[in-house]
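Peer 1: Take this structure first; my questions come after.
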Amino acid sequence: MRRRIVGLAFFCVSVCADPVILKAQDFKLFDRTVQVHGYVSQGFVYTNDNNWLTMDTSSGSAAMTDMALNASSQITDKLRVGAQGYDRNLGQLGQYHPSLDWALANYRFKSWFGVRGGKVKTTLGLYTDTQDLDFLRVFALLPQSIYPADLRDATIAHLGGDVYGNISLKHGLGDLSYTAYAGHRSDSIYSGYAYFLSQYATYLKSFGGLQYGADLHWRTPLKGLLVGGSRLDEDITGKGVGVSPFNYMAGVQPYYESSKADWVNQVYGEYERGKLRVDSEYRRYWRNQQVFNGTSEDLADIRGWYVSGAYRVSKRFQFGSYYSRYTVTNRTAGLLSAIATPATDTSLPANHDYDKVVAGRVDLNRFWNVKVEGHFMNGYGDAPYPNGFYPQVNLHGFSTTTNALVVKTSFNF
Amino acid sequence: MKNERSPLLFTVGVILVAMLGPFPVLASDFKLIANSSLKADAVSAEELKKIFLEESSSLSDGTHVEPVLESDGPVHRAFLQQCLGRSSDDLQTYYRALVFTGRGSMPKELSSDAGVVAYVARTRGAIGYVSIATSTEGVKTLTLLDSKDNAQRKVIRRVKPEYPETLRRLNIGGTVRLRVTISAKGNVEEVELLGGNPILGEAAIVAVKQWVYTAGHSRDLIEVSIPFDPHS
């Protein structure tokens with residue numbers, strides 16, 4: 001670990017000493033220009049109590065690294081192709097297993113109609129498709145009530161296609177942008193949900209399924225104001241092996257689970273004026289999953305919202321703050337209801353996570369930034385669906401409150 | 001003697017008006033330039049914004065376009081503020097979001113006016129901006145139509161303004177901004193100078209009064225920017 005941090009620090013210093021090599025690299029291939037871009041980020045998290053995001057944060061953890069590299073080219077006036085590889089390590093998640101983040105062909109017929117196909121980033125709310133790109137924002141971590149870092153795989157991309165476009169409304173009524181998509185979602189087995197299930201001696205080998213949805217947002221005539229809404233439906237199946245909680249004596253058996261209903265509704269608004277940016281989102285995630293080989297149902301109602309503000313003080317310094325609120329209720333049916341207690345009271349710390357955040361960002365140059373962020377959390381919302389706090393790394397149980405310091409630096413070119 | 005001195009007095013007068021007039025040429029003035037393959041002579045503010053935000057890769061006539069940026073400087077900042085309503089940092093953030101989600105590319109960025117002109121001259125469909133004083137040999141200069149309603153009211157007959165010869169000789173140029181009143185039938189009823197050199201403004205007014213627009217539902221007020229480039 002120490003060697004990795006030293007290596008990363010050396011890389012950072014060397015590329016920042018020579019900003020020329022940080023610029024996007026263009027080269028010619030079959031008479032077409034190919035652009036190459038990439039980023040790398042490294043974080044450090046310290047918490048005063050509970051371990052967070054599967055890291056050993058109560059001792060201070062730097063197990064928070066992610067990076068990506070992409071290449072793309074304009075093949076014809078309207079056709080663009082490209083691909084991006086992504087890798088991360090976040091505590092017990094990711095574990096430096098690289099993945100194809102996106103790989104697509106994009107054909108734009110008109111500004112109001114285009115199609116893209118391949119592995120495509122999913123459009124859901126303001127930041128789902130850009131959630132990894134912390135260098136676009138003041139904050140090191142997006143509001144975890146809606147964009148949980150441990151569950152990034154759940155919504156990040158689909159193998160399928162999008163139709164999209166932008167329509168200018170007459171009489172100065174602004175612009176409408178739409179995206180509709182369908183495809184197959186495939187989570188890494190190193191994602192948060194797989195890790196969550198491992199506490200029940202259940203180990204996923206695959207997790208994914210059909211995903212389809214749409215997003216519509218309106219850039220209103222009021223300069224800087226955007227409002228929108230998204231809907232996502234899924235049909236997810238997980239397969240693996242596990243020990244049944246109803247029959248320990250049978251030992252390790254094949255395991256599967258599948259969706260009975262799985263959808264997300266999200267509404268959002270964003271306002272930008274000069275150096276000020278304010279945004280807010282609300283998400284409701286309803287999940288009815290048939291678990292333990294169809295013997296039981298797990299019904300979770302997960303709701304989150306946040307209000308966020310950021311201000312650019314100078315070219316190099318920005319600060320921001322947000323309040324994020326997450327609640328979860330859960331009940332079960334079938335065999336599981338005999339051993340699981342319904343979670344209906346969102347005032348209990350096990351069923352909520354309220355997070356007050358302040359953050360500052362310094363841009364050392366155009367490519368390199370450093371962020372310092374404080375989180376003041378109440379609750380740990382650990383069941384029945386993960387949200388940052390996992391019993392496997394909190395063996396002595398949870399405290400009600402957690403304060404966290406996050407320091408993160410990112411490079412991009 | 002009288003006949004010999006009059007042109008001199010006129011020239012001095014022109015220089016004084018040009019230099020001391022209420023609308024001096026600003027350092028931040030820019031003009032739009034495009035590769036000569038572009039058929040259009042003008043582009044609406046709305047089209048221009050979509051092109052530079054990569055929401056569109058062609059003009060309304062179907063011609064392919066490619067935006068070209070300057071990396072920094074007063075011309076760059078003025079263009080971003082006036083045409084895109086964004087700061088340079090905001091625009092970089094916007095492009096990075098496109099680049100890292102596979103939805104767009106980083107536009108070509110050049111560090112000087114001369115570099116932009118050279119790139120635009122050799123790249124089919126390229127469209128960029130340079131300071132008003134920059135020589136634009138080898139590229140065409142585009143008129144920026146500022147109205148929000150340009151989508152509804154397009155120019156169907158355009159008369160090019162005559163460049164006052166004395167100002168051209170003295171290398172005096174700039175962009176003039178006009179407010180144009182268009183009748184429902186599409187004729188130009190009234191033209192008012194909003195900004196820019198008053199002599200160039202007069203020449204622009206004479207030309208714009210002869211323009212004809214597509215018909216609309218009612219009388220419309222639009223703003224038009226016309227660049228005067230002494231080198232073109």
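Residues are named by chain letter and number: chains run A, B, ... in the order of the structure tokens, numbers start at 1 in each chain, and ligands are numbered from 1 in the order shown.
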Determine, for each residue of chain B having at least one atom at most 6 Å from an atom of chain A, the closest pair of atoms and their separation in Å to one decimal, counting only C-alpha atoms; order by chain and ascending number, as a tab-separated table.

Peer 2:
residue	atom	partner	partner_atom	distance
B:Glu55	CA	A:Ser111	CA	5.8
B:Ser56	CA	A:Ser111	CA	4.7
B:Thr93	CA	A:Leu136	CA	5.6

Peer 1: Would you mind exporting the chosen residues as a PDB file, in the first residue's frame, restricted to N, CA and C atoms?

Peer 2:
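For reference, part.pdb as written:
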ATOM      1  N   GLU B  55     -24.009  20.200 -29.178  1.00  0.00           N
ATOM      2  CA  GLU B  55     -25.365  19.667 -29.285  1.00  0.00           C
ATOM      3  C   GLU B  55     -25.747  19.511 -30.748  1.00  0.00           C
ATOM      4  N   SER B  56     -24.968  20.120 -31.612  1.00  0.00           N
ATOM      5  CA  SER B  56     -25.219  20.009 -33.040  1.00  0.00           C
ATOM      6  C   SER B  56     -23.877  20.022 -33.768  1.00  0.00           C
ATOM      7  N   THR B  93     -15.219  22.231 -17.767  1.00  0.00           N
ATOM      8  CA  THR B  93     -15.944  21.213 -16.999  1.00  0.00           C
ATOM      9  C   THR B  93     -16.991  20.532 -17.871  1.00  0.00           C
TER      10      THR B  93
END

Peer 1: Hey, what's within 8 Å of stretch 183-186 of chain B if we count only C-alpha atoms and toss same-chain stuff fewer than 5 positions away? As a short mmCIF file (atom, residue, chain, number, x, y, z; two decimals) with C-alpha atoms, in the first residue's frame, please?

Peer 2:
data_model
loop_
_atom_site.label_atom_id
_atom_site.label_comp_id
_atom_site.auth_asym_id
_atom_site.auth_seq_id
_atom_site.Cartn_x
_atom_site.Cartn_y
_atom_site.Cartn_z
CA ARG B 153 -37.22 34.76 -38.96
CA VAL B 212 -35.69 40.78 -46.43
CA TYR B 213 -36.69 38.20 -43.81
CA THR B 214 -39.12 35.33 -43.90
CA ALA B 215 -42.67 36.30 -42.95
CA GLY B 216 -43.82 35.97 -39.35
CA HIS B 217 -46.97 36.26 -37.30
CA SER B 218 -46.22 39.76 -36.06
CA ARG B 219 -43.67 42.54 -36.09
CA ASP B 220 -40.38 41.38 -34.53
#

Peer 1: Find the residues around stretch 402-410 of chain A up to 9 Å (only C-alpha atoms counted), leave out those fewer than 3 positions away in its own chain, and share them as a ChimeraX atom specification.

Peer 2: /A:12,39-52,57-58,64,134-135,140-141,367-380,399

Peer 1: If you run DSSP over the backbone, which residues in stretch 134-206 of chain B end up helix (DSSP H, G or I)? Put them as a list in words.

Peer 2: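 Reading the DSSP output for stretch 134-206 of chain B, helix (DSSP H, G or I) covers Glu165, Thr166, Leu167, Arg168, Arg169, Pro198, Ile199, Leu200, Gly201, Glu202, Ala203, Ala204, Ile205 and Val206 of chain B.
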
Peer 1: Identify which of the residues A:Arg312, A:Arg303, A:Arg231, A:Arg32 lies closest to A:His352, counting only C-alpha atoms when measuring atom-to-atom distances.

Peer 2: A:Arg303

Peer 1: Suppose you want the space between atom CA of A:Ile75 and atom CA of B:Leu98; what is it in Å?

Peer 2: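 Between these atoms lies a distance of 17.1 Å.
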
Peer 1: In Å, rounded to a single decimal, give me how far atom CA of B:Thr123 is from atom CA of B:Asp90.

Peer 2: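 For atom CA of B:Asp90 relative to atom CA of B:Thr123, the distance reads 26.4 Å.
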
Peer 1: Would you pick out the contacts of stretch 335-345 of chain A at 12 Å or less, using only C-alpha atoms, so that residues sharing its chain but fewer than 5 positions from it are not included, and give the list as a ChimeraX atom specification?

Peer 2: /A:244-247,289-302,327-330,350-352,381-385

Peer 1: Excluding B:Glu109 and residues on its chain fewer than 2 positions from it, collect all residues at most 6 Å away from it, counting only C-alpha atoms, and give them as a list in words.

Peer 2: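 The residues that qualify are Leu69, Glu70 and Ser71 of chain B.
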
Peer 1: Please produce a file of those selected residues containing N, CA and C atoms, as a short mmCIF file (atom, residue, chain, number, x, y, z; two decimals), in the first residue's frame.

Peer 2:
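The result, stored in again_27.cif:
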data_model
loop_
_atom_site.label_atom_id
_atom_site.label_comp_id
_atom_site.auth_asym_id
_atom_site.auth_seq_id
_atom_site.Cartn_x
_atom_site.Cartn_y
_atom_site.Cartn_z
N LEU B 69 -11.59 26.52 -30.57
CA LEU B 69 -11.49 27.46 -29.44
C LEU B 69 -10.11 28.08 -29.35
N GLU B 70 -10.07 29.27 -28.74
CA GLU B 70 -8.79 29.80 -28.30
C GLU B 70 -8.60 29.32 -26.87
N SER B 71 -7.35 29.15 -26.45
CA SER B 71 -7.13 28.58 -25.13
C SER B 71 -7.37 29.58 -24.00
#

Peer 1: Which is closer to A:Leu226 than all the others in A:Phe27, A:Tyr255, A:Tyr271, A:Phe398, using only C-alpha atoms?

Peer 2: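 Nearest to A:Leu226: A:Tyr271.
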
Peer 1: Taking into account only C-alpha atoms, which residue in the set A:Thr332, A:Thr54, A:Thr220, A:Asn265 is nearest to A:Leu173?

Peer 2: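 Looking only at the distances to A:Leu173, the closest residue turns out to be A:Thr220.
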
Peer 1: Atom CA of A:Ser259 and atom CA of A:Asp153, how far apart in Å?

Peer 2: 16.8 Å

Peer 1: Hey, what's within 8 Å of B:Pro227 if we count only C-alpha atoms and toss same-chain stuff fewer than 5 positions away? As a ChimeraX atom specification, please?

Peer 2: /B:31,132,141-143,173-176

Peer 1: Skipping near chain neighbours, those fewer than 2 positions away, what residues fall within 10 Å of B:Leu194 using only C-alpha atoms, listed as a PyMOL selection string?

Peer 2: chain B and resi 23+176-179+191-192+196-198+201+223-225

Peer 1: Let's have the selection written as a short mmCIF file (atom, residue, chain, number, x, y, z; two decimals), in the first residue's frame, with C-alpha atoms.

Peer 2:
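File written: selection_36.cif
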data_model
loop_
_atom_site.label_atom_id
_atom_site.label_comp_id
_atom_site.auth_asym_id
_atom_site.auth_seq_id
_atom_site.Cartn_x
_atom_site.Cartn_y
_atom_site.Cartn_z
CA PHE B 23 -18.35 53.13 -29.61
CA VAL B 176 -21.46 46.84 -35.03
CA ARG B 177 -24.63 45.82 -33.26
CA LEU B 178 -27.99 46.76 -34.66
CA ARG B 179 -31.56 46.47 -33.48
CA VAL B 191 -32.68 49.87 -37.88
CA GLU B 192 -31.06 51.32 -34.79
CA GLY B 196 -19.77 49.80 -32.57
CA ASN B 197 -18.12 52.40 -34.72
CA PRO B 198 -20.75 54.94 -35.86
CA GLY B 201 -22.75 51.47 -38.21
CA GLU B 223 -30.44 42.16 -32.80
CA VAL B 224 -27.83 41.67 -35.49
CA SER B 225 -24.03 41.88 -35.20
#
